[in-house]
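Structure data (mmCIF, C-alpha atoms) from query27.cif:
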data_structure
#
loop_
_atom_site.label_atom_id
_atom_site.label_comp_id
_atom_site.auth_asym_id
_atom_site.auth_seq_id
_atom_site.Cartn_x
_atom_site.Cartn_y
_atom_site.Cartn_z
CA MET A 1 86.38 83.45 86.26
CA THR A 2 89.05 84.83 88.56
CA ASP A 3 92.24 82.77 88.54
CA ILE A 4 94.73 83.36 91.37
CA ARG A 5 97.01 80.45 90.58
CA ASN A 6 100.62 81.49 90.97
CA ASP A 7 103.81 80.70 89.07
CA PHE A 8 106.82 82.17 90.82
CA VAL A 9 110.14 81.41 89.08
CA GLY A 10 108.61 78.15 87.89
CA ILE A 11 107.32 77.20 91.34
CA LYS A 12 103.58 76.64 91.02
CA SER A 13 100.99 77.03 93.75
CA PRO A 14 97.18 77.33 93.79
CA ASN A 15 97.37 80.88 95.17
CA PRO A 16 100.06 83.50 95.87
CA PHE A 17 99.89 83.16 99.66
CA TRP A 18 102.92 81.40 101.14
CA LEU A 19 103.88 81.07 104.78
CA ALA A 20 107.26 82.68 105.43
CA SER A 21 110.14 80.84 107.03
CA ALA A 22 109.33 81.08 110.74
CA PRO A 23 107.90 79.04 113.66
CA PRO A 24 104.69 78.22 111.69
CA THR A 25 106.78 76.25 109.15
CA ASP A 26 109.02 74.45 111.62
CA LYS A 27 107.67 70.95 111.18
CA GLN A 28 105.49 68.62 109.11
CA TYR A 29 102.55 68.86 111.50
CA ASN A 30 102.33 72.66 111.13
CA VAL A 31 102.86 72.68 107.39
CA GLU A 32 100.20 70.08 106.70
CA ARG A 33 97.70 71.99 108.86
CA ALA A 34 98.55 75.09 106.84
CA PHE A 35 97.98 73.31 103.54
CA LYS A 36 94.64 71.95 104.78
CA ALA A 37 93.65 75.52 105.64
CA GLY A 38 94.41 76.62 102.07
CA TRP A 39 97.91 78.12 102.00
CA GLY A 40 99.49 77.92 98.56
CA GLY A 41 103.00 77.26 99.76
CA VAL A 42 105.51 77.44 102.58
CA VAL A 43 109.10 78.38 103.09
CA TRP A 44 110.34 75.80 105.59
CA LYS A 45 111.93 77.23 108.73
CA THR A 46 115.63 77.84 108.18
CA LEU A 47 117.89 74.78 108.19
CA GLY A 48 121.56 74.89 109.07
CA LEU A 49 124.54 72.62 109.64
CA ASP A 50 125.28 73.48 113.27
CA PRO A 51 123.99 70.55 115.39
CA HIS A 52 124.17 72.66 118.53
CA ILE A 53 121.54 75.32 117.87
CA VAL A 54 119.99 76.08 121.25
CA ASN A 55 117.03 78.43 121.63
CA VAL A 56 116.14 80.28 124.81
CA ASN A 57 113.70 78.57 127.15
CA GLY A 58 112.18 81.83 128.34
CA PRO A 59 110.07 84.33 126.40
CA ARG A 60 110.97 84.59 122.71
CA TYR A 61 108.64 87.37 121.64
CA GLY A 62 108.19 91.04 122.42
CA VAL A 63 105.04 92.89 121.32
CA VAL A 64 103.92 96.38 120.37
CA TYR A 65 100.17 96.83 120.83
CA GLY A 66 97.74 99.39 119.47
CA ALA A 67 95.32 101.17 121.77
CA ASP A 68 92.80 98.33 121.43
CA ARG A 69 95.48 95.69 122.18
CA ARG A 70 95.66 94.83 118.53
CA LEU A 71 99.08 93.39 117.76
CA LEU A 72 100.96 95.92 115.62
CA GLY A 73 104.47 94.54 115.84
CA LEU A 74 106.14 91.34 116.98
CA ASN A 75 109.79 91.06 117.97
CA ASN A 76 111.40 87.63 118.14
CA ILE A 77 114.74 86.35 119.40
CA GLU A 78 114.27 82.81 118.10
CA LEU A 79 117.08 81.21 116.09
CA ILE A 80 116.93 78.89 113.11
CA THR A 81 115.54 75.39 113.59
CA ASP A 82 116.93 73.50 116.56
CA ARG A 83 115.58 70.20 115.24
CA PRO A 84 118.00 67.66 113.66
CA LEU A 85 118.76 68.33 110.00
CA GLN A 86 117.81 64.81 108.93
CA THR A 87 114.47 65.04 110.73
CA ASN A 88 113.64 68.19 108.79
CA LEU A 89 114.77 66.69 105.49
CA ASP A 90 112.64 63.57 106.03
CA GLU A 91 109.57 65.68 106.84
CA ILE A 92 110.10 67.98 103.86
CA LYS A 93 110.19 64.94 101.55
CA ALA A 94 107.03 63.51 103.12
CA VAL A 95 105.15 66.80 102.83
CA LYS A 96 106.11 67.36 99.20
CA ARG A 97 105.01 63.84 98.26
CA ALA A 98 101.68 64.27 100.05
CA TRP A 99 101.03 67.78 98.67
CA PRO A 100 102.51 67.89 95.16
CA ASP A 101 100.39 70.89 94.13
CA ARG A 102 101.75 73.14 96.91
CA ALA A 103 105.00 75.08 96.89
CA VAL A 104 107.64 73.84 99.33
CA VAL A 105 110.72 76.05 99.46
CA VAL A 106 113.48 75.45 102.02
CA SER A 107 115.23 78.29 103.82
CA LEU A 108 118.94 77.76 104.38
CA MET A 109 121.64 79.40 106.50
CA VAL A 110 125.12 77.91 106.65
CA PRO A 111 128.64 79.33 107.09
CA CYS A 112 129.86 81.60 104.33
CA ASP A 113 132.07 79.08 102.56
CA GLU A 114 131.44 77.17 99.35
CA GLU A 115 131.97 73.76 100.93
CA SER A 116 129.07 74.21 103.35
CA TRP A 117 126.65 75.26 100.60
CA ASN A 118 127.81 72.43 98.34
CA TYR A 119 127.13 69.98 101.17
CA ILE A 120 123.60 71.04 102.12
CA LEU A 121 122.11 71.84 98.71
CA PRO A 122 122.09 68.22 97.38
CA LEU A 123 120.48 67.07 100.61
CA VAL A 124 117.63 69.54 100.12
CA GLU A 125 117.36 68.77 96.42
CA GLU A 126 116.90 65.07 97.18
CA THR A 127 113.73 65.86 99.17
CA GLY A 128 111.96 67.04 96.04
CA ALA A 129 111.62 70.59 97.36
CA ASP A 130 110.69 73.21 94.79
CA GLY A 131 113.43 75.69 95.62
CA VAL A 132 115.69 77.20 98.25
CA GLU A 133 115.67 80.56 99.97
CA LEU A 134 119.05 81.82 101.18
CA ASN A 135 118.47 83.47 104.55
CA PHE A 136 120.64 86.59 104.44
CA GLY A 137 118.29 88.55 106.65
CA CYS A 138 118.11 87.29 110.23
CA PRO A 139 119.42 90.16 112.42
CA HIS A 140 120.00 88.34 115.69
CA GLY A 141 121.77 85.31 117.06
CA MET A 142 123.08 83.91 113.80
CA SER A 143 124.44 87.23 112.53
CA GLU A 144 126.88 87.23 115.43
CA ARG A 145 128.19 83.96 113.97
CA GLY A 146 128.85 85.49 110.55
CA MET A 147 125.57 84.39 108.96
CA GLY A 148 122.14 85.95 108.34
CA SER A 149 122.23 89.73 108.04
CA ALA A 150 126.02 89.68 108.47
CA VAL A 151 126.06 88.32 104.90
CA GLY A 152 123.04 90.30 103.71
CA GLN A 153 124.72 93.60 104.59
CA VAL A 154 127.68 92.91 102.28
CA PRO A 155 126.66 92.88 98.59
CA ASP A 156 129.89 91.13 97.54
CA TYR A 157 129.08 88.22 99.84
CA ILE A 158 125.53 88.01 98.50
CA GLU A 159 126.75 87.82 94.91
CA MET A 160 129.40 85.25 95.81
CA VAL A 161 127.10 82.88 97.69
CA ALA A 162 124.30 83.20 95.13
CA ARG A 163 126.78 82.23 92.43
CA TRP A 164 127.93 79.21 94.45
CA CYS A 165 124.38 78.03 94.94
CA LYS A 166 123.33 78.48 91.31
CA ALA A 167 126.30 76.34 90.30
CA ALA A 168 125.48 73.64 92.84
CA THR A 169 121.74 73.05 92.38
CA ARG A 170 119.03 72.77 89.76
CA MET A 171 116.51 74.32 92.16
CA PRO A 172 115.46 77.96 91.86
CA VAL A 173 117.50 80.12 94.24
CA ILE A 174 115.71 82.91 96.09
CA VAL A 175 117.80 85.37 98.11
CA LYS A 176 116.11 86.75 101.23
CA LEU A 177 117.25 90.31 101.89
CA THR A 178 117.70 92.17 105.15
CA PRO A 179 116.05 95.57 105.64
CA ASN A 180 118.85 96.51 108.04
CA ILE A 181 120.78 98.35 105.35
CA THR A 182 120.87 101.88 103.98
CA ASP A 183 119.88 101.19 100.36
CA ILE A 184 118.09 97.94 99.50
CA ARG A 185 118.97 98.26 95.82
CA TYR A 186 122.62 97.29 96.35
CA PRO A 187 122.01 93.83 97.87
CA ALA A 188 119.27 93.22 95.29
CA ARG A 189 121.66 94.09 92.48
CA ALA A 190 124.25 91.77 93.99
CA ALA A 191 121.78 88.88 94.11
CA HIS A 192 120.86 89.58 90.48
CA LYS A 193 124.53 89.61 89.42
CA GLY A 194 125.09 86.35 91.26
CA GLY A 195 122.40 84.72 89.14
CA ALA A 196 119.69 84.43 91.80
CA ASP A 197 116.31 83.55 90.35
CA ALA A 198 114.50 85.94 92.72
CA VAL A 199 114.72 87.95 95.90
CA SER A 200 112.39 87.92 98.88
CA LEU A 201 111.99 90.81 101.32
CA ILE A 202 111.85 92.09 103.86
CA ASN A 203 113.27 89.98 106.64
CA THR A 204 112.84 91.33 110.14
CA VAL A 205 113.97 94.76 111.34
CA SER A 206 116.53 94.80 114.14
CA SER A 207 114.75 96.15 117.20
CA ILE A 208 114.08 96.38 120.91
CA THR A 209 110.33 96.69 121.40
CA SER A 210 110.23 97.79 125.02
CA VAL A 211 112.05 97.98 128.35
CA ASN A 212 110.73 96.47 131.58
CA LEU A 213 111.01 99.42 133.97
CA ASP A 214 110.92 97.16 137.03
CA THR A 215 113.80 94.89 136.02
CA MET A 216 115.42 97.50 133.72
CA SER A 217 115.89 94.92 130.99
CA PRO A 218 114.68 94.80 127.37
CA GLU A 219 111.67 92.63 126.58
CA PRO A 220 111.55 89.73 126.09
CA SER A 221 113.67 89.37 129.18
CA ILE A 222 115.67 86.23 129.95
CA ASP A 223 116.88 86.09 133.55
CA GLY A 224 117.15 89.86 133.74
CA LYS A 225 118.82 90.35 130.36
CA GLY A 226 117.45 91.10 126.90
CA SER A 227 118.74 91.26 123.34
CA HIS A 228 117.78 92.96 120.12
CA GLY A 229 115.56 90.81 117.94
CA GLY A 230 113.75 90.79 114.61
CA TYR A 231 110.67 93.04 114.26
CA CYS A 232 107.77 92.07 112.01
CA GLY A 233 104.01 92.50 111.71
CA PRO A 234 101.74 95.28 110.41
CA ALA A 235 104.11 97.98 111.69
CA VAL A 236 106.81 97.06 109.16
CA LYS A 237 104.54 96.97 106.10
CA PRO A 238 105.36 100.56 104.98
CA ILE A 239 109.08 99.78 105.12
CA ALA A 240 108.55 96.60 103.13
CA LEU A 241 106.39 98.25 100.47
CA ASN A 242 108.98 100.94 99.88
CA MET A 243 111.83 98.45 99.56
CA VAL A 244 109.87 96.23 97.17
CA ALA A 245 109.08 99.30 95.05
CA GLU A 246 112.72 100.41 95.05
CA ILE A 247 113.82 97.08 93.59
CA ALA A 248 110.90 96.88 91.15
CA ARG A 249 111.69 100.28 89.62
CA ASP A 250 115.49 100.01 89.65
CA PRO A 251 116.74 99.62 86.04
CA GLU A 252 119.56 97.35 87.26
CA THR A 253 117.12 94.83 88.73
CA ALA A 254 114.36 95.19 86.14
CA GLY A 255 112.51 91.92 85.75
CA LEU A 256 113.98 90.34 88.88
CA PRO A 257 111.12 88.40 90.53
CA ILE A 258 110.23 89.55 94.04
CA SER A 259 108.49 87.65 96.84
CA GLY A 260 106.94 90.31 99.06
CA ILE A 261 107.12 89.97 102.85
CA GLY A 262 106.31 92.32 105.70
CA GLY A 263 103.15 92.88 107.71
CA ILE A 264 100.71 91.27 105.28
CA THR A 265 97.53 90.70 107.26
CA THR A 266 94.67 91.09 104.75
CA TRP A 267 94.00 90.52 101.07
CA ARG A 268 94.39 94.27 100.55
CA ASP A 269 97.92 94.18 101.93
CA ALA A 270 98.76 91.38 99.51
CA ALA A 271 97.23 93.25 96.57
CA GLU A 272 99.37 96.29 97.39
CA PHE A 273 102.57 94.22 97.32
CA LEU A 274 101.55 92.63 94.02
CA ALA A 275 100.69 96.04 92.53
CA LEU A 276 104.19 97.22 93.47
CA GLY A 277 105.79 94.38 91.53
CA ALA A 278 105.85 91.38 93.87
CA GLY A 279 105.17 88.04 92.21
CA ASN A 280 103.71 86.51 95.37
CA VAL A 281 103.62 87.19 99.11
CA GLN A 282 104.82 85.51 102.28
CA VAL A 283 103.00 85.79 105.60
CA CYS A 284 104.06 85.04 109.16
CA THR A 285 102.77 87.34 111.92
CA ALA A 286 99.14 87.23 110.75
CA ALA A 287 99.17 83.43 110.93
CA MET A 288 100.79 83.52 114.37
CA THR A 289 98.20 86.03 115.57
CA TYR A 290 95.01 84.63 114.04
CA GLY A 291 95.82 81.05 113.06
CA PHE A 292 96.21 79.39 109.68
CA ARG A 293 92.59 79.93 108.61
CA VAL A 294 93.26 83.63 108.14
CA VAL A 295 94.28 82.66 104.60
CA THR A 296 90.62 81.96 103.74
CA GLU A 297 89.78 85.66 104.06
CA MET A 298 92.88 86.55 102.06
CA ILE A 299 91.95 84.23 99.20
CA GLU A 300 88.28 85.16 99.02
CA GLY A 301 88.97 88.84 99.55
CA LEU A 302 91.54 88.97 96.76
CA LYS A 303 89.25 87.09 94.38
CA GLY A 304 86.32 89.38 95.18
CA TRP A 305 88.35 92.54 94.63
CA MET A 306 89.75 91.21 91.35
CA GLU A 307 86.26 90.44 90.11
CA THR A 308 85.06 93.98 90.87
CA LYS A 309 88.05 95.38 88.96
CA GLY A 310 87.71 93.01 86.04
CA TYR A 311 91.06 91.30 86.64
CA SER A 312 91.03 87.68 85.54
CA SER A 313 94.55 86.80 86.72
CA LEU A 314 97.25 88.13 89.03
CA ALA A 315 99.26 89.25 86.00
CA ASP A 316 96.51 91.73 85.12
CA PHE A 317 97.50 94.05 87.95
CA GLN A 318 100.95 92.89 89.05
CA GLY A 319 103.32 95.85 88.90
CA ARG A 320 100.62 98.31 87.81
CA ALA A 321 101.57 100.76 90.58
CA VAL A 322 105.31 100.75 89.85
CA PRO A 323 105.26 103.46 87.13
CA ASN A 324 103.46 105.75 89.59
CA VAL A 325 106.27 105.54 92.15
CA THR A 326 108.60 108.46 91.50
CA ASP A 327 111.16 110.64 93.23
CA TRP A 328 109.97 113.73 95.09
CA GLN A 329 111.32 116.23 92.57
CA TYR A 330 109.02 114.85 89.88
CA LEU A 331 105.78 115.37 91.80
CA ASN A 332 103.32 117.81 90.24
CA LEU A 333 103.63 121.11 92.11
CA ASN A 334 100.70 122.55 90.13
CA TYR A 335 98.31 120.07 91.75
CA VAL A 336 96.44 122.08 94.41
CA THR A 337 93.92 120.70 96.91
CA LYS A 338 92.11 122.00 99.99
CA ALA A 339 90.56 120.20 102.93
CA ARG A 340 86.77 119.99 103.04
CA ILE A 341 84.72 119.06 106.13
CA ASP A 342 81.34 117.33 105.76
CA GLN A 343 79.32 119.07 108.47
CA ASP A 344 76.65 116.36 108.44
CA ALA A 345 79.23 113.68 109.20
CA CYS A 346 81.24 115.75 111.71
CA ILE A 347 80.89 114.60 115.34
CA LYS A 348 82.43 117.85 116.66
CA CYS A 349 85.29 116.12 118.44
CA GLY A 350 87.71 118.88 117.51
CA ARG A 351 90.67 116.64 116.76
CA CYS A 352 91.22 118.25 113.38
CA PHE A 353 91.24 121.72 114.97
CA ALA A 354 93.64 120.74 117.75
CA ALA A 355 96.08 119.05 115.37
CA CYS A 356 96.06 121.88 112.85
CA GLU A 357 96.13 124.71 115.40
CA ASP A 358 98.93 123.28 117.53
CA THR A 359 101.15 121.44 115.06
CA SER A 360 100.31 122.46 111.54
CA HIS A 361 99.15 125.62 109.71
CA GLN A 362 96.27 127.08 111.76
CA ALA A 363 93.97 126.42 108.81
CA ILE A 364 90.85 125.25 110.70
CA ALA A 365 88.61 127.65 112.57
CA MET A 366 86.29 126.68 115.40
CA LYS A 367 83.04 128.64 115.08
CA GLU A 368 80.16 128.99 117.54
CA GLY A 369 78.55 125.65 118.38
CA ARG A 370 81.83 123.78 117.71
CA VAL A 371 81.49 124.07 113.98
CA PHE A 372 84.85 123.53 112.29
CA GLU A 373 85.62 125.20 108.98
CA VAL A 374 88.70 125.21 106.77
CA ILE A 375 90.50 128.51 106.16
CA ASP A 376 91.55 128.17 102.53
CA GLU A 377 94.03 131.05 102.79
CA GLU A 378 96.07 129.01 105.29
CA CYS A 379 95.45 125.43 104.13
CA VAL A 380 98.51 123.82 102.52
CA ALA A 381 96.67 120.52 101.95
CA CYS A 382 98.98 118.60 104.28
CA ASN A 383 96.24 116.01 104.93
CA LEU A 384 96.85 115.85 108.70
CA CYS A 385 93.22 116.66 109.49
CA VAL A 386 92.08 113.76 107.31
CA ASN A 387 94.43 111.40 109.10
CA VAL A 388 93.41 112.34 112.66
CA CYS A 389 89.66 112.52 112.01
CA PRO A 390 87.92 109.47 113.59
CA VAL A 391 85.09 109.54 111.03
CA GLU A 392 86.00 108.05 107.67
CA ASN A 393 85.42 110.43 104.73
CA CYS A 394 84.23 113.24 107.01
CA ILE A 395 87.23 115.29 105.87
CA THR A 396 88.39 114.95 102.28
CA MET A 397 90.82 116.73 99.98
CA GLU A 398 89.24 118.52 97.04
CA ARG A 399 91.26 119.60 94.02
CA LEU A 400 90.91 123.23 92.96
CA PRO A 401 89.80 123.53 89.33
CA VAL A 402 92.16 124.78 86.64
CA GLY A 403 91.79 128.54 86.21
CA SER A 404 90.85 129.20 89.83
CA VAL A 405 93.12 131.10 92.18
CA ASP A 406 94.77 129.45 95.17
CA PRO A 407 93.69 131.67 98.11
CA ARG A 408 96.91 130.87 99.94
CA THR A 409 99.42 131.81 97.25
CA GLY A 410 97.35 134.06 95.01
CA ARG A 411 98.57 132.09 91.98
CA GLU A 412 96.31 130.74 89.27
CA VAL A 413 95.91 126.96 89.20
CA VAL A 414 97.29 125.81 85.84
CA GLU A 415 96.97 122.55 83.95
CA GLU A 416 100.57 121.76 83.02
CA HIS A 417 102.71 119.53 85.18
CA GLY A 418 105.11 121.45 87.39
CA ASP A 419 107.92 119.66 89.19
CA TRP A 420 110.78 120.81 91.39
CA THR A 421 113.24 120.85 88.49
CA THR A 422 111.30 123.74 86.93
CA HIS A 423 110.02 125.40 90.11
CA PRO A 424 111.01 129.08 90.49
CA ASN A 425 112.23 128.45 94.05
CA ASN A 426 114.55 125.58 93.11
CA PRO A 427 118.05 126.72 94.22
CA ALA A 428 119.68 124.99 91.26
CA ARG A 429 117.47 126.90 88.85
CA VAL A 430 118.00 130.19 90.66
CA ALA A 431 121.78 129.68 90.51
CA ALA A 432 121.63 128.83 86.80
CA GLU A 433 119.69 131.97 86.05
#
Have the structure of the file written as structure tokens, please.
Amino acid sequence: MTDIRNDFVGIKSPNPFWLASAPPTDKQYNVERAFKAGWGGVVWKTLGLDPHIVNVNGPRYGVVYGADRRLLGLNNIELITDRPLQTNLDEIKAVKRAWPDRAVVVSLMVPCDEESWNYILPLVEETGADGVELNFGCPHGMSERGMGSAVGQVPDYIEMVARWCKAATRMPVIVKLTPNITDIRYPARAAHKGGADAVSLINTVSSITSVNLDTMSPEPSIDGKGSHGGYCGPAVKPIALNMVAEIARDPETAGLPISGIGGITTWRDAAEFLALGAGNVQVCTAAMTYGFRVVTEMIEGLKGWMETKGYSSLADFQGRAVPNVTDWQYLNLNYVTKARIDQDACIKCGRCFAACEDTSHQAIAMKEGRVFEVIDEECVACNLCVNVCPVENCITMERLPVGSVDPRTGREVVEEHGDWTTHPNNPARVAAE
């Protein structure tokens, strides 16, 4: 039997799919609908101490669409909750009592002083919530007030506040990190040093999604003006995967639990985050795009894939991909492949030829009758033709066997691993010799 029950820093849930802190988790009504749909947990929309939070009354979202109008990215300029603190606390308590088997974590953002954190943490703890998430990621609105990413971009502040919170509450403390930073390892290390039980990432990417060329204002536009906002959705998934992997393989944060966030839309996305070391995942844009019942496909899809692979629990594959993430100089330079075109599957569109001829290595020839063939002497195995081909598996990369000769370089393909540190063209090696 496949078991996808999740235990994240002692917070138990029936599955690893949590809703991230965002509009879908703003109130009891939403959260209970989410739990009825099958979500394993929620991170309640960020609470604060400012009683005068005022959100815009015009558009709050900007969108980047794919060619088929599929939503690829969502930009938002919404602030933390504008509902009264006590209303939120009362609803959190009611939800946790009604759904004791689900994870209820509360996102918090207050001024960067110990008194404020010491005031709000007992109030949250009294609700029976399972943990808190310190929102050090929001890139707009609150950051201008010295909170959100303004804290998350300063590792010393992260360590300081995490330490305050660990001293002030029994609840697990999760630090939510901003991607708007050069090297994600430094804030993660700071959270670890401060005693945080886990980190969650990524929060949204600071962005302007588009400009209205009639009003000459960024979208979403409020009375002719626009502001940068937080970007999320499928488009940010590659950024999130890389940052999760960086923390998972950093010796200084080894073993630090990670809650993966960023563009998770399908069970496959979730499995990729878990394989790169995440202990669970948080979802927002997919729920806002397709509704809460999208989690059904995620749950059943993950279970089905695990069964085909023989995984009985999440732990069986969590982190399995981390050892295979390496730095460029350690890649095997003796691994040689060439593109191969399946003529039976080819629809003769010519996209591979156009891409290779104009922008790559002129390694595809167009023969009579629009037959496209790879020129091995020119092919560097860049994979561009595979990526632009509209027919899945029509073009594949085939490894040359050991002992054969690479037609492009004239060198024999050898078995041993060759990396940049030993490559004859490495400037450091040339200088040493």
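Proximity of A:His192, A:Arg69, A:Lys36, A:Lys176 to Asn135 (chain A), computed with all atoms listed in the file, is greatest for A:Lys176.
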Hey, what's within 10 Å of region 204-213 of chain A if we count all atoms listed in the file and toss same-chain stuff fewer than 3 positions away? As a PyMOL selection string, please? chain A and resi 61-64+73-76+137-140+149+177-181+201+216-221+224+226-233+236+239-240+261-262
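Using all atoms listed in the file, the nearest neighbour of Asp250 (chain A) within the list A:His417, A:Arg185, A:His361, A:Arg293 is A:Arg185.
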If the PyMOL selection byres ((chain A and resi 381-394) around 12) is run on the structure shown, which residues does it catch, given as a ChimeraX atom specification? /A:335-364,372-380,395-400,406,408
Next, dump the selected residues to file, keeping only C-alpha atoms, as a compact mmCIF listing (two decimals), in the coordinates of the input.
# COMPACT_ATOMS: atom_id res chain seq x y z
CA TYR A 335 98.31 120.07 91.75
CA VAL A 336 96.44 122.08 94.41
CA THR A 337 93.92 120.70 96.91
CA LYS A 338 92.11 122.00 99.99
CA ALA A 339 90.56 120.20 102.93
CA ARG A 340 86.77 119.99 103.04
CA ILE A 341 84.72 119.06 106.13
CA ASP A 342 81.34 117.33 105.76
CA GLN A 343 79.32 119.07 108.47
CA ASP A 344 76.65 116.36 108.44
CA ALA A 345 79.23 113.68 109.20
CA CYS A 346 81.24 115.75 111.71
CA ILE A 347 80.89 114.60 115.34
CA LYS A 348 82.43 117.85 116.66
CA CYS A 349 85.29 116.12 118.44
CA GLY A 350 87.71 118.88 117.51
CA ARG A 351 90.67 116.64 116.76
CA CYS A 352 91.22 118.25 113.38
CA PHE A 353 91.24 121.72 114.97
CA ALA A 354 93.64 120.74 117.75
CA ALA A 355 96.08 119.05 115.37
CA CYS A 356 96.06 121.88 112.85
CA GLU A 357 96.13 124.71 115.40
CA ASP A 358 98.93 123.28 117.53
CA THR A 359 101.15 121.44 115.06
CA SER A 360 100.31 122.46 111.54
CA HIS A 361 99.15 125.62 109.71
CA GLN A 362 96.27 127.08 111.76
CA ALA A 363 93.97 126.42 108.81
CA ILE A 364 90.85 125.25 110.70
CA PHE A 372 84.85 123.53 112.29
CA GLU A 373 85.62 125.20 108.98
CA VAL A 374 88.70 125.21 106.77
CA ILE A 375 90.50 128.51 106.16
CA ASP A 376 91.55 128.17 102.53
CA GLU A 377 94.03 131.05 102.79
CA GLU A 378 96.07 129.01 105.29
CA CYS A 379 95.45 125.43 104.13
CA VAL A 380 98.51 123.82 102.52
CA ILE A 395 87.23 115.29 105.87
CA THR A 396 88.39 114.95 102.28
CA MET A 397 90.82 116.73 99.98
CA GLU A 398 89.24 118.52 97.04
CA ARG A 399 91.26 119.60 94.02
CA LEU A 400 90.91 123.23 92.96
CA ASP A 406 94.77 129.45 95.17
CA ARG A 408 96.91 130.87 99.94
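Among A:Ala365, A:Ala248, A:Met288, A:Ala150, the residue with the shortest atom-to-atom distance to Pro323 (chain A), counting all atoms listed in the file, is A:Ala248.
CA of Val161 (chain A) to CA of Cys112 (chain A) spans 7.3 Å [interatomic distance, one decimal].
Distance-wise, CA of Asn425 (chain A) and CA of Leu333 (chain A) end up 11.5 Å apart.
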Could you tell me how far CA of Arg97 (chain A) lies from CA of Ser21 (chain A), in Å and to one decimal? 19.8 Å
